[in-house]
Amino acid sequence: DAKTTQPNSMESNEEEPVHLPCNHSTISGTDYIHWYRQLPSQGPEYVIHGLTSNVNNRMASLAIAEDRKSSTLILHRATLRDAAVYYCILRAPNRDDKIIFGKGTRLHILP
Amino acid sequence: GAVVSQHPSRVICKSGTSVKIECRSLDFQATTMFWYRQFPKQSLMLMATSNEGSKATYEQGVEKDKFLINHASLTLSTLTVTSAHPEDSSFYICSATGVTGTDTQYFGPGTRLTVL
């Protein structure tokens, strides 16, 4: 799997937007960019994924750089329940492909 | 939809006993299931990949005779930790990929194993 680089931790105030960066300079042309998050004492949950275009869903938005070497997960209005570890992962388009987790970014939300 | 359950959610056992953890896909058929373990403050570490009806593929450094994986049906995979020791205490998480063509993985809630 191509490697991703994320900050170890970030802080944000409640009800403010959060931008979580991810660098993936060795991404291949067919790799999708996936984001998962893990709340304390729970299994990871899928957040969003994209290939080239920016993506929006009910949880978040994903902004992908034009050269695809970086991306940003955007939480538009953070709540305390968004405090979690966020993982940026590159995946080949094969549904059997395993996920190798990096260290992720631990997001702290300040009330 | 796309719910994965694990049972039990928490288990405490004595050293030397074996523990079985179940992973079920509740509303879809999972052709492939994955097992991870996670130590406190660390990331998830992939242990093995299991496909229904075939032997599991273990990651380097994971003892196949200690961590027995069975994927007997499209909705159930089990992980048995044999002769558990305190160093096996960890958070075990499974995930499943369905047959819908999406490559999204759905994760279970995890099982906290404590070996005394």
# chains A, B, ... in the order shown; residues from 1 in each chain; ligands from 1

$ closest_atom_pairs --of "chain B" --to "chain A" --cutoff "6 Å" --atoms "only C-alpha atoms" --output "JSON lines"
{"residue": "B:Ser43", "atom": "CA", "partner": "A:Lys103", "partner_atom": "CA", "distance": 5.4}
{"residue": "B:Asp103", "atom": "CA", "partner": "A:Arg95", "partner_atom": "CA", "distance": 3.9}
{"residue": "B:Phe107", "atom": "CA", "partner": "A:Gly43", "partner_atom": "CA", "distance": 5.7}
{"residue": "B:Gly108", "atom": "CA", "partner": "A:Gly43", "partner_atom": "CA", "distance": 5.6}
{"residue": "B:Pro109", "atom": "CA", "partner": "A:Gly43", "partner_atom": "CA", "distance": 4.5}
{"residue": "B:Gly110", "atom": "CA", "partner": "A:Gly43", "partner_atom": "CA", "distance": 5.5}

$ select_by_dssp --residues "range 7-106 of chain A" --states "strand (DSSP E or B)" --output "VMD selection string"
chain A and resid 9 to 13 18 to 23 32 to 38 45 to 50 55 to 56 61 to 64 70 to 75 84 to 91 105 to 106

$ residues_around --residues "Phe39 in chain B" --least-positions-apart "4" --cutoff "8 Å" --atoms "only C-alpha atoms" --output "PyMOL selection string"
chain B and resi 43-44+90-91

$ write_last_selection --atoms "all heavy atoms" --output "PDB file, in the first residue's frame"
ATOM      1  N   SER B  43      -2.259   1.895  16.745  1.00  0.00           N
ATOM      2  CA  SER B  43      -3.144   1.717  15.607  1.00  0.00           C
ATOM      3  C   SER B  43      -3.560   0.258  15.478  1.00  0.00           C
ATOM      4  O   SER B  43      -3.047  -0.620  16.179  1.00  0.00           O
ATOM      5  CB  SER B  43      -2.440   2.175  14.333  1.00  0.00           C
ATOM      6  OG  SER B  43      -3.336   2.157  13.243  1.00  0.00           O
ATOM      7  N   LEU B  44      -4.485   0.002  14.580  1.00  0.00           N
ATOM      8  CA  LEU B  44      -4.911  -1.376  14.341  1.00  0.00           C
ATOM      9  C   LEU B  44      -3.830  -2.119  13.556  1.00  0.00           C
ATOM     10  O   LEU B  44      -3.236  -1.573  12.630  1.00  0.00           O
ATOM     11  CB  LEU B  44      -6.197  -1.414  13.505  1.00  0.00           C
ATOM     12  CG  LEU B  44      -7.489  -1.009  14.191  1.00  0.00           C
ATOM     13  CD1 LEU B  44      -7.638   0.487  14.252  1.00  0.00           C
ATOM     14  CD2 LEU B  44      -8.679  -1.633  13.474  1.00  0.00           C
ATOM     15  N   SER B  90      -5.881  -7.712  24.490  1.00  0.00           N
ATOM     16  CA  SER B  90      -5.903  -6.696  23.442  1.00  0.00           C
ATOM     17  C   SER B  90      -7.351  -6.426  23.030  1.00  0.00           C
ATOM     18  O   SER B  90      -8.278  -7.074  23.527  1.00  0.00           O
ATOM     19  CB  SER B  90      -5.094  -7.178  22.227  1.00  0.00           C
ATOM     20  OG  SER B  90      -4.915  -6.155  21.268  1.00  0.00           O
ATOM     21  N   PHE B  91      -7.512  -5.515  22.117  1.00  0.00           N
ATOM     22  CA  PHE B  91      -8.807  -5.211  21.516  1.00  0.00           C
ATOM     23  C   PHE B  91      -8.802  -5.857  20.136  1.00  0.00           C
ATOM     24  O   PHE B  91      -7.958  -5.527  19.301  1.00  0.00           O
ATOM     25  CB  PHE B  91      -8.956  -3.685  21.429  1.00  0.00           C
ATOM     26  CG  PHE B  91     -10.337  -3.181  21.121  1.00  0.00           C
ATOM     27  CD1 PHE B  91     -11.443  -3.667  21.803  1.00  0.00           C
ATOM     28  CD2 PHE B  91     -10.532  -2.190  20.167  1.00  0.00           C
ATOM     29  CE1 PHE B  91     -12.718  -3.183  21.538  1.00  0.00           C
ATOM     30  CE2 PHE B  91     -11.805  -1.703  19.897  1.00  0.00           C
ATOM     31  CZ  PHE B  91     -12.900  -2.199  20.586  1.00  0.00           C
TER      32      PHE B  91
END

$ residues_around --residues "Met59 in chain A" --least-positions-apart "3" --cutoff "12 Å" --atoms "only C-alpha atoms" --output "short mmCIF file (atom, residue, chain, number, x, y, z; two decimals) with N, CA, C and O atoms, in the first residue's frame"
data_model
loop_
_atom_site.label_atom_id
_atom_site.label_comp_id
_atom_site.auth_asym_id
_atom_site.auth_seq_id
_atom_site.Cartn_x
_atom_site.Cartn_y
_atom_site.Cartn_z
N TRP A 35 -11.12 7.59 3.98
CA TRP A 35 -10.99 8.06 5.36
C TRP A 35 -11.89 7.22 6.25
O TRP A 35 -13.07 6.98 5.94
N TYR A 36 -11.32 6.77 7.34
CA TYR A 36 -12.06 6.08 8.38
C TYR A 36 -11.79 6.82 9.69
O TYR A 36 -10.79 7.53 9.82
N ARG A 37 -12.66 6.65 10.66
CA ARG A 37 -12.39 7.20 11.97
C ARG A 37 -12.73 6.16 13.04
O ARG A 37 -13.56 5.27 12.81
N GLU A 45 -15.02 3.35 11.68
CA GLU A 45 -16.18 3.51 10.81
C GLU A 45 -15.77 4.28 9.56
O GLU A 45 -14.92 5.18 9.62
N TYR A 46 -16.37 3.92 8.47
CA TYR A 46 -16.12 4.57 7.20
C TYR A 46 -16.62 6.01 7.24
O TYR A 46 -17.69 6.30 7.78
N VAL A 47 -15.84 6.93 6.69
CA VAL A 47 -16.26 8.33 6.64
C VAL A 47 -16.56 8.73 5.21
O VAL A 47 -17.68 9.16 4.89
N ILE A 48 -15.59 8.59 4.33
CA ILE A 48 -15.75 9.08 2.97
C ILE A 48 -14.63 8.54 2.10
O ILE A 48 -13.59 8.11 2.63
N HIS A 49 -14.83 8.53 0.80
CA HIS A 49 -13.72 8.21 -0.07
C HIS A 49 -13.89 8.92 -1.42
O HIS A 49 -15.01 9.33 -1.78
N VAL A 55 -15.61 15.33 -2.79
CA VAL A 55 -16.77 14.52 -2.44
C VAL A 55 -17.42 15.08 -1.19
O VAL A 55 -16.72 15.57 -0.29
N ASN A 56 -18.73 14.99 -1.14
CA ASN A 56 -19.47 15.41 0.06
C ASN A 56 -20.42 14.31 0.46
O ASN A 56 -21.02 13.65 -0.38
N LEU A 62 -14.54 15.76 1.36
CA LEU A 62 -13.18 15.38 1.03
C LEU A 62 -12.71 16.25 -0.11
O LEU A 62 -13.32 16.25 -1.20
N LEU A 73 -9.66 16.14 4.78
CA LEU A 73 -11.00 15.79 5.27
C LEU A 73 -11.54 17.00 6.02
O LEU A 73 -10.86 17.55 6.89
N ILE A 74 -12.74 17.40 5.67
CA ILE A 74 -13.33 18.58 6.28
C ILE A 74 -14.58 18.20 7.07
O ILE A 74 -15.52 17.62 6.51
N LEU A 75 -14.54 18.50 8.35
CA LEU A 75 -15.73 18.39 9.19
C LEU A 75 -16.26 19.81 9.31
O LEU A 75 -15.59 20.69 9.84
N HIS A 76 -17.46 20.04 8.83
CA HIS A 76 -17.92 21.42 8.68
C HIS A 76 -18.23 22.10 10.01
O HIS A 76 -18.05 23.30 10.15
N ARG A 77 -18.69 21.31 10.96
CA ARG A 77 -19.03 21.89 12.26
C ARG A 77 -18.79 20.81 13.30
O ARG A 77 -19.64 19.96 13.54
N ALA A 78 -17.61 20.86 13.90
CA ALA A 78 -17.22 19.77 14.80
C ALA A 78 -18.06 19.76 16.07
O ALA A 78 -18.40 20.81 16.63
N THR A 79 -18.39 18.56 16.51
CA THR A 79 -19.04 18.39 17.80
C THR A 79 -18.14 17.53 18.68
O THR A 79 -17.17 16.92 18.20
N ARG A 81 -18.69 14.73 19.75
CA ARG A 81 -18.75 13.35 19.29
C ARG A 81 -17.83 13.07 18.12
O ARG A 81 -17.69 11.93 17.69
N ASP A 82 -17.23 14.12 17.55
CA ASP A 82 -16.27 13.91 16.47
C ASP A 82 -14.86 13.66 16.98
O ASP A 82 -13.94 13.42 16.17
#

$ residues_around --residues "Leu113 in chain B" --least-positions-apart "3" --cutoff "10 Å" --atoms "only C-alpha atoms" --output "short mmCIF file (atom, residue, chain, number, x, y, z; two decimals) with C-alpha atoms, in the first residue's frame"
data_model
loop_
_atom_site.label_atom_id
_atom_site.label_comp_id
_atom_site.auth_asym_id
_atom_site.auth_seq_id
_atom_site.Cartn_x
_atom_site.Cartn_y
_atom_site.Cartn_z
CA PRO B 8 -18.61 -11.22 23.04
CA SER B 9 -17.91 -7.53 23.45
CA ARG B 10 -15.75 -8.19 26.45
CA VAL B 11 -14.17 -11.35 27.85
CA ILE B 12 -11.91 -12.12 30.78
CA CYS B 13 -10.23 -15.50 30.95
CA VAL B 19 -11.30 -17.93 23.74
CA ILE B 21 -14.65 -14.47 19.19
CA VAL B 81 -7.14 -17.42 20.67
CA ALA B 84 -4.20 -17.40 25.84
CA PRO B 86 -1.57 -12.06 29.38
CA ASP B 88 -2.64 -11.66 24.21
CA SER B 89 -4.79 -9.16 26.09
CA SER B 90 -5.90 -6.70 23.44
CA PHE B 91 -8.81 -5.21 21.52
CA TYR B 92 -9.74 -7.53 18.64
CA GLY B 110 -14.51 -4.88 18.78
CA LEU B 116 -5.36 -12.95 33.77
#

$ atom_distance --atom1 "CA of Ile33 in chain A" --atom2 "CA of Leu90 in chain A"
4.8 Å

$ closest_residue --among "B:Asn70, B:Ser5, B:Asn51, B:Gln60" --to "Tyr106 in chain B" --atoms "only C-alpha atoms"
B:Ser5

$ residues_around --residues "Ala96 in chain B" --least-positions-apart "6" --cutoff "6 Å" --atoms "only C-alpha atoms" --output "list in words"
Ala30, Thr32, Met33, Gln105 and Tyr106 of chain B

$ atom_distance --atom1 "CA of Val115 in chain B" --atom2 "CA of Leu79 in chain B"
15.6 Å

$ residues_around --residues "Pro111 in chain A" --least-positions-apart "3" --cutoff "9 Å" --atoms "only C-alpha atoms" --output "list in words"
Ser12, Asn13, Glu14, Glu15, Thr79 and Leu80 of chain A

$ write_last_selection --atoms "C-alpha atoms" --output "CSV table (one decimal), in the first residue's frame"
chain,number,residue,atom,x,y,z
A,12,SER,CA,-10.4,22.2,17.3
A,13,ASN,CA,-13.1,24.1,19.1
A,14,GLU,CA,-16.6,22.8,19.1
A,15,GLU,CA,-18.9,24.1,16.4
A,79,THR,CA,-19.0,18.4,17.8
A,80,LEU,CA,-17.7,16.6,20.9

$ atom_distance --atom1 "CA of His24 in chain A" --atom2 "CA of Ser9 in chain A"
17.6 Å

$ decode --residues "range 24-58 of chain A" --atoms "N, CA and C atoms" --output "JSON list (two decimals), in the first residue's frame"
[["chain", "number", "residue", "atom", "x", "y", "z"],
["A", 24, "HIS", "N", -0.02, 12.09, 0.48],
["A", 24, "HIS", "CA", 0.17, 10.78, -0.15],
["A", 24, "HIS", "C", 0.87, 11.00, -1.48],
["A", 25, "SER", "N", 2.13, 11.37, -1.40],
["A", 25, "SER", "CA", 2.87, 11.78, -2.60],
["A", 25, "SER", "C", 3.16, 10.62, -3.55],
["A", 26, "THR", "N", 3.09, 9.38, -3.05],
["A", 26, "THR", "CA", 3.39, 8.23, -3.91],
["A", 26, "THR", "C", 2.12, 7.53, -4.41],
["A", 27, "ILE", "N", 1.02, 8.21, -4.35],
["A", 27, "ILE", "CA", -0.26, 7.62, -4.78],
["A", 27, "ILE", "C", -0.20, 7.22, -6.25],
["A", 28, "SER", "N", -0.80, 6.08, -6.57],
["A", 28, "SER", "CA", -0.83, 5.66, -7.96],
["A", 28, "SER", "C", -2.12, 6.16, -8.61],
["A", 29, "GLY", "N", -2.19, 6.07, -9.92],
["A", 29, "GLY", "CA", -3.32, 6.62, -10.63],
["A", 29, "GLY", "C", -4.66, 5.98, -10.33],
["A", 30, "THR", "N", -4.63, 4.74, -9.83],
["A", 30, "THR", "CA", -5.89, 4.04, -9.58],
["A", 30, "THR", "C", -6.23, 3.94, -8.10],
["A", 31, "ASP", "N", -5.39, 4.48, -7.24],
["A", 31, "ASP", "CA", -5.67, 4.42, -5.79],
["A", 31, "ASP", "C", -6.81, 5.36, -5.41],
["A", 32, "TYR", "N", -7.74, 4.82, -4.64],
["A", 32, "TYR", "CA", -8.76, 5.66, -4.04],
["A", 32, "TYR", "C", -8.26, 6.17, -2.68],
["A", 33, "ILE", "N", -8.73, 7.34, -2.28],
["A", 33, "ILE", "CA", -8.39, 7.91, -0.98],
["A", 33, "ILE", "C", -9.58, 7.66, -0.06],
["A", 34, "HIS", "N", -9.35, 6.90, 0.98],
["A", 34, "HIS", "CA", -10.40, 6.57, 1.94],
["A", 34, "HIS", "C", -10.09, 7.22, 3.28],
["A", 35, "TRP", "N", -11.12, 7.59, 3.98],
["A", 35, "TRP", "CA", -10.99, 8.06, 5.36],
["A", 35, "TRP", "C", -11.89, 7.22, 6.25],
["A", 36, "TYR", "N", -11.32, 6.77, 7.34],
["A", 36, "TYR", "CA", -12.06, 6.08, 8.38],
["A", 36, "TYR", "C", -11.79, 6.82, 9.69],
["A", 37, "ARG", "N", -12.66, 6.65, 10.66],
["A", 37, "ARG", "CA", -12.39, 7.20, 11.97],
["A", 37, "ARG", "C", -12.73, 6.16, 13.04],
["A", 38, "GLN", "N", -12.05, 6.28, 14.16],
["A", 38, "GLN", "CA", -12.27, 5.35, 15.26],
["A", 38, "GLN", "C", -12.54, 6.15, 16.53],
["A", 39, "LEU", "N", -13.78, 6.03, 17.01],
["A", 39, "LEU", "CA", -14.13, 6.65, 18.28],
["A", 39, "LEU", "C", -13.57, 5.79, 19.40],
["A", 40, "PRO", "N", -13.41, 6.35, 20.58],
["A", 40, "PRO", "CA", -12.81, 5.60, 21.69],
["A", 40, "PRO", "C", -13.55, 4.29, 21.97],
["A", 41, "SER", "N", -12.77, 3.22, 22.09],
["A", 41, "SER", "CA", -13.28, 1.88, 22.44],
["A", 41, "SER", "C", -14.30, 1.35, 21.42],
["A", 42, "GLN", "N", -14.20, 1.76, 20.19],
["A", 42, "GLN", "CA", -15.07, 1.25, 19.15],
["A", 42, "GLN", "C", -14.25, 0.82, 17.94],
["A", 43, "GLY", "N", -14.89, 0.07, 17.05],
["A", 43, "GLY", "CA", -14.25, -0.26, 15.78],
["A", 43, "GLY", "C", -14.28, 0.94, 14.86],
["A", 44, "PRO", "N", -13.39, 0.97, 13.87],
["A", 44, "PRO", "CA", -13.40, 2.08, 12.92],
["A", 44, "PRO", "C", -14.71, 2.16, 12.15],
["A", 45, "GLU", "N", -15.02, 3.35, 11.68],
["A", 45, "GLU", "CA", -16.18, 3.51, 10.81],
["A", 45, "GLU", "C", -15.77, 4.28, 9.56],
["A", 46, "TYR", "N", -16.37, 3.92, 8.47],
["A", 46, "TYR", "CA", -16.12, 4.57, 7.20],
["A", 46, "TYR", "C", -16.62, 6.01, 7.24],
["A", 47, "VAL", "N", -15.84, 6.93, 6.69],
["A", 47, "VAL", "CA", -16.26, 8.33, 6.64],
["A", 47, "VAL", "C", -16.56, 8.73, 5.21],
["A", 48, "ILE", "N", -15.59, 8.59, 4.33],
["A", 48, "ILE", "CA", -15.75, 9.08, 2.97],
["A", 48, "ILE", "C", -14.63, 8.54, 2.10],
["A", 49, "HIS", "N", -14.83, 8.53, 0.80],
["A", 49, "HIS", "CA", -13.72, 8.21, -0.07],
["A", 49, "HIS", "C", -13.89, 8.92, -1.42],
["A", 50, "GLY", "N", -12.78, 9.04, -2.15],
["A", 50, "GLY", "CA", -12.84, 9.70, -3.44],
["A", 50, "GLY", "C", -11.65, 9.31, -4.30],
["A", 51, "LEU", "N", -11.71, 9.68, -5.56],
["A", 51, "LEU", "CA", -10.63, 9.35, -6.49],
["A", 51, "LEU", "C", -9.95, 10.62, -7.00],
["A", 52, "THR", "N", -10.71, 11.51, -7.63],
["A", 52, "THR", "CA", -10.13, 12.74, -8.15],
["A", 52, "THR", "C", -10.95, 13.97, -7.75],
["A", 53, "SER", "N", -12.25, 13.84, -7.83],
["A", 53, "SER", "CA", -13.11, 15.00, -7.55],
["A", 53, "SER", "C", -13.40, 15.11, -6.06],
["A", 54, "ASN", "N", -13.69, 16.31, -5.63],
["A", 54, "ASN", "CA", -14.11, 16.51, -4.24],
["A", 54, "ASN", "C", -15.42, 15.78, -4.00],
["A", 55, "VAL", "N", -15.61, 15.33, -2.79],
["A", 55, "VAL", "CA", -16.77, 14.52, -2.44],
["A", 55, "VAL", "C", -17.42, 15.08, -1.19],
["A", 56, "ASN", "N", -18.73, 14.99, -1.14],
["A", 56, "ASN", "CA", -19.47, 15.41, 0.06],
["A", 56, "ASN", "C", -20.42, 14.31, 0.46],
["A", 57, "ASN", "N", -20.55, 14.09, 1.76],
["A", 57, "ASN", "CA", -21.63, 13.25, 2.26],
["A", 57, "ASN", "C", -22.10, 13.84, 3.58],
["A", 58, "ARG", "N", -23.00, 13.11, 4.25],
["A", 58, "ARG", "CA", -23.61, 13.69, 5.45],
["A", 58, "ARG", "C", -22.62, 13.84, 6.60]]
